[in-house]
Amino acid sequence: IFTSPFESFAFSPPSLSISIGAAGAGGNSNIYSSSKVVADVGQGTTITPLSGNTYGDLTVEATGQENIDAQIYGGSAGVGSVGVFLSETERDGLVRAGIGSVGEEFKVANLSVDADSNHDVTTHGYSVTIGGLAGSGETHTVIYKDGVAACLGVDFATDTEGTCNGSDPTDASGNLQASGNVALSASADTTTSASDTGNPGTDQEGYNIGGLGVGIFQTNSTYSPVVYTVATALNLNAAGSLDFEAIAGGQSRSRALSGSGGIIAGDASIANNTIQPQATLIFDEFSVETTESAAVTSVLAQTNVNYDTYADAIQASIAGGSGSKVNNTFGPTANIEWQGTSSLTTAGVITVLANNTLERVPDPDDAKISKNN
């Protein structure tokens, strides 16, 4: 490869599913995405400048950017009106950028290896039933569990292998030289949302009205990306700043609303939010040395997720009960692992940080959010 400079990247398209239910029946709308975005510079690669030129920059970038939206809308009216409405979206793919074991000569100016998973994964809708017996329910489920990886020194047999789980080189460590800055980064910054929000752009809930009105409205959001940044079996010599990052950020929203009215009525709204991102940075038989005292070295493994879990149940009846429930399950992990005889030598400043951050950020457009505080 001749650099002046070299760049590789990839992109994923949008997906949309809309389903409309009829009287006396339910419906479902589902999208499952497992696309893989890979940008790899293969093992044994040698990089040399063209005759008379200096070394150029090398950027290896993989970007997964998909908009996934499953919608379900339904309504029915009659003596007996019953409908169940389901929607589900799941994003379970791979975004990976990497450089395998290098050849005898691998010299660049600035080096950047970057994998980004940046999606919008949503599901929503509403249902309305009216009748002597009105029973309707909704379940909206969104799942995000991408594998995201930036790999240095890992060789892959196929493009579809997962997060830095290829083979480590069996021979001696390769030598990589950079006359400028080096950045190795994997990140997830995705928004997930499951809600029975009604018509797009409105705040309409699911309703059932009748002599006996029964409805269960549930939303489920699961946010669990696995982010890896791995450097192995390499000797890196750099003159500039170094950034090694594994970051799982983004936001997860689950919002359930329900309402019923009748002589006897019962309903429930349940909002579930499971947030379990993993961010791991691994140095394995990896030696780093910087030559400039002004250079800054940053080693960061971080999860940083904003969430909002909201449920509300509204009811008008002679006899009945009403209830709403919010369930949050948290389990973020951020790890930095030094394995084998890895070392980092520099005359400058070194920052090493592993950090988990969770913050509830209510939807500013939700007029009813005050009821939940």
# chains A, B, ... in the order shown; residues from 1 in each chain; ligands from 1

$ residues_around --residues "Thr345 (chain A)" --least-positions-apart "5" --cutoff "7 Å" --atoms "only C-alpha atoms" --output "PyMOL selection string"
chain A and resi 288-290

$ residues_around --residues "Glu104 (chain A)" --least-positions-apart "5" --cutoff "10 Å" --atoms "only C-alpha atoms" --output "list in words"
Gly44, Thr45, Thr46, Ile47, Gly174, Asn175 and Leu176 of chain A

$ write_last_selection --atoms "N, CA and C atoms" --output "PDB file, in the first residue's frame"
ATOM      1  N   GLY A  44       0.459  -8.823   7.211  1.00  0.00           N
ATOM      2  CA  GLY A  44       1.647  -8.772   6.377  1.00  0.00           C
ATOM      3  C   GLY A  44       1.751  -7.549   5.498  1.00  0.00           C
ATOM      4  N   THR A  45       0.885  -6.564   5.694  1.00  0.00           N
ATOM      5  CA  THR A  45       0.893  -5.364   4.862  1.00  0.00           C
ATOM      6  C   THR A  45       2.168  -4.561   5.074  1.00  0.00           C
ATOM      7  N   THR A  46       2.734  -4.112   3.979  1.00  0.00           N
ATOM      8  CA  THR A  46       3.911  -3.249   4.021  1.00  0.00           C
ATOM      9  C   THR A  46       3.544  -1.893   3.445  1.00  0.00           C
ATOM     10  N   ILE A  47       3.906  -0.831   4.136  1.00  0.00           N
ATOM     11  CA  ILE A  47       3.603   0.523   3.679  1.00  0.00           C
ATOM     12  C   ILE A  47       4.915   1.270   3.474  1.00  0.00           C
ATOM     13  N   GLY A 174       5.479  -7.275  15.291  1.00  0.00           N
ATOM     14  CA  GLY A 174       5.827  -6.390  14.210  1.00  0.00           C
ATOM     15  C   GLY A 174       6.189  -5.013  14.728  1.00  0.00           C
ATOM     16  N   ASN A 175       6.786  -4.196  13.870  1.00  0.00           N
ATOM     17  CA  ASN A 175       7.188  -2.844  14.240  1.00  0.00           C
ATOM     18  C   ASN A 175       6.395  -1.834  13.431  1.00  0.00           C
ATOM     19  N   LEU A 176       5.767  -0.911  14.121  1.00  0.00           N
ATOM     20  CA  LEU A 176       4.968   0.122  13.488  1.00  0.00           C
ATOM     21  C   LEU A 176       5.513   1.475  13.931  1.00  0.00           C
TER      22      LEU A 176
END

$ closest_residue --among "A:Thr341, A:Ser117, A:Ser252, A:Thr89" --to "Thr274 (chain A)" --atoms "only C-alpha atoms"
A:Ser252

$ closest_residue --among "A:Asn272, A:Thr141, A:Gln43, A:Ser112" --to "Ser324 (chain A)" --atoms "only C-alpha atoms"
A:Asn272

$ residues_around --residues "Asp92 (chain A)" --least-positions-apart "2" --cutoff "6 Å" --atoms "only C-alpha atoms" --output "VMD selection string"
chain A and resid 34 145 to 146

$ atom_distance --atom1 "CA of Glu138 (chain A)" --atom2 "CA of Pro225 (chain A)"
26.1 Å

$ atom_distance --atom1 "CA of Gly93 (chain A)" --atom2 "CA of Ser35 (chain A)"
5.1 Å

$ closest_residue --among "A:Phe283, A:Tyr228, A:Tyr310, A:Phe217" --to "Ala246 (chain A)" --atoms "only C-alpha atoms"
A:Tyr228

$ select_by_dssp --residues "region 294-353 of chain A" --states "strand (DSSP E or B)" --output "ChimeraX atom specification"
/A:296-330,333-339,343-345,349-353

$ residues_around --residues "Val305 (chain A)" --least-positions-apart "2" --cutoff "6 Å" --atoms "only C-alpha atoms" --output "PyMOL selection string"
chain A and resi 249-251+358

$ write_last_selection --atoms "all heavy atoms" --output "JSON list (two decimals), in the first residue's frame"
[["chain", "number", "residue", "atom", "x", "y", "z"],
["A", 249, "GLY", "N", -21.47, 4.65, 24.51],
["A", 249, "GLY", "CA", -22.34, 5.75, 24.91],
["A", 249, "GLY", "C", -23.68, 5.64, 24.20],
["A", 249, "GLY", "O", -23.99, 4.67, 23.54],
["A", 250, "GLY", "N", -24.50, 6.67, 24.35],
["A", 250, "GLY", "CA", -25.79, 6.70, 23.67],
["A", 250, "GLY", "C", -26.94, 6.93, 24.64],
["A", 250, "GLY", "O", -26.75, 7.43, 25.75],
["A", 251, "GLN", "N", -28.15, 6.55, 24.22],
["A", 251, "GLN", "CA", -29.32, 6.73, 25.07],
["A", 251, "GLN", "C", -30.35, 5.65, 24.81],
["A", 251, "GLN", "O", -30.47, 5.13, 23.70],
["A", 251, "GLN", "CB", -29.94, 8.11, 24.86],
["A", 251, "GLN", "CG", -30.27, 8.47, 23.43],
["A", 251, "GLN", "CD", -30.77, 9.90, 23.31],
["A", 251, "GLN", "OE1", -31.54, 10.38, 24.13],
["A", 251, "GLN", "NE2", -30.33, 10.59, 22.26],
["A", 358, "LEU", "N", -24.23, 6.68, 34.22],
["A", 358, "LEU", "CA", -25.64, 6.54, 33.84],
["A", 358, "LEU", "C", -26.38, 7.77, 34.33],
["A", 358, "LEU", "O", -26.23, 8.17, 35.49],
["A", 358, "LEU", "CB", -26.26, 5.28, 34.45],
["A", 358, "LEU", "CG", -25.84, 3.94, 33.86],
["A", 358, "LEU", "CD1", -26.30, 2.81, 34.78],
["A", 358, "LEU", "CD2", -26.42, 3.75, 32.47]]

$ closest_residue --among "A:Thr232, A:Thr123, A:Ser195, A:Ser241" --to "Tyr32 (chain A)" --atoms "only C-alpha atoms"
A:Thr123

$ residues_around --residues "Leu94 (chain A)" --least-positions-apart "5" --cutoff "9 Å" --atoms "only C-alpha atoms" --output "PyMOL selection string"
chain A and resi 34-38+64+117+146-149+160-163

$ closest_residue --among "A:Lys107, A:Ala183, A:Cys151, A:Pro362" --to "Thr54 (chain A)" --atoms "only C-alpha atoms"
A:Lys107

$ residues_around --residues "region 299-301 of chain A" --least-positions-apart "5" --cutoff "7 Å" --atoms "only C-alpha atoms" --output "count of residues only"
16
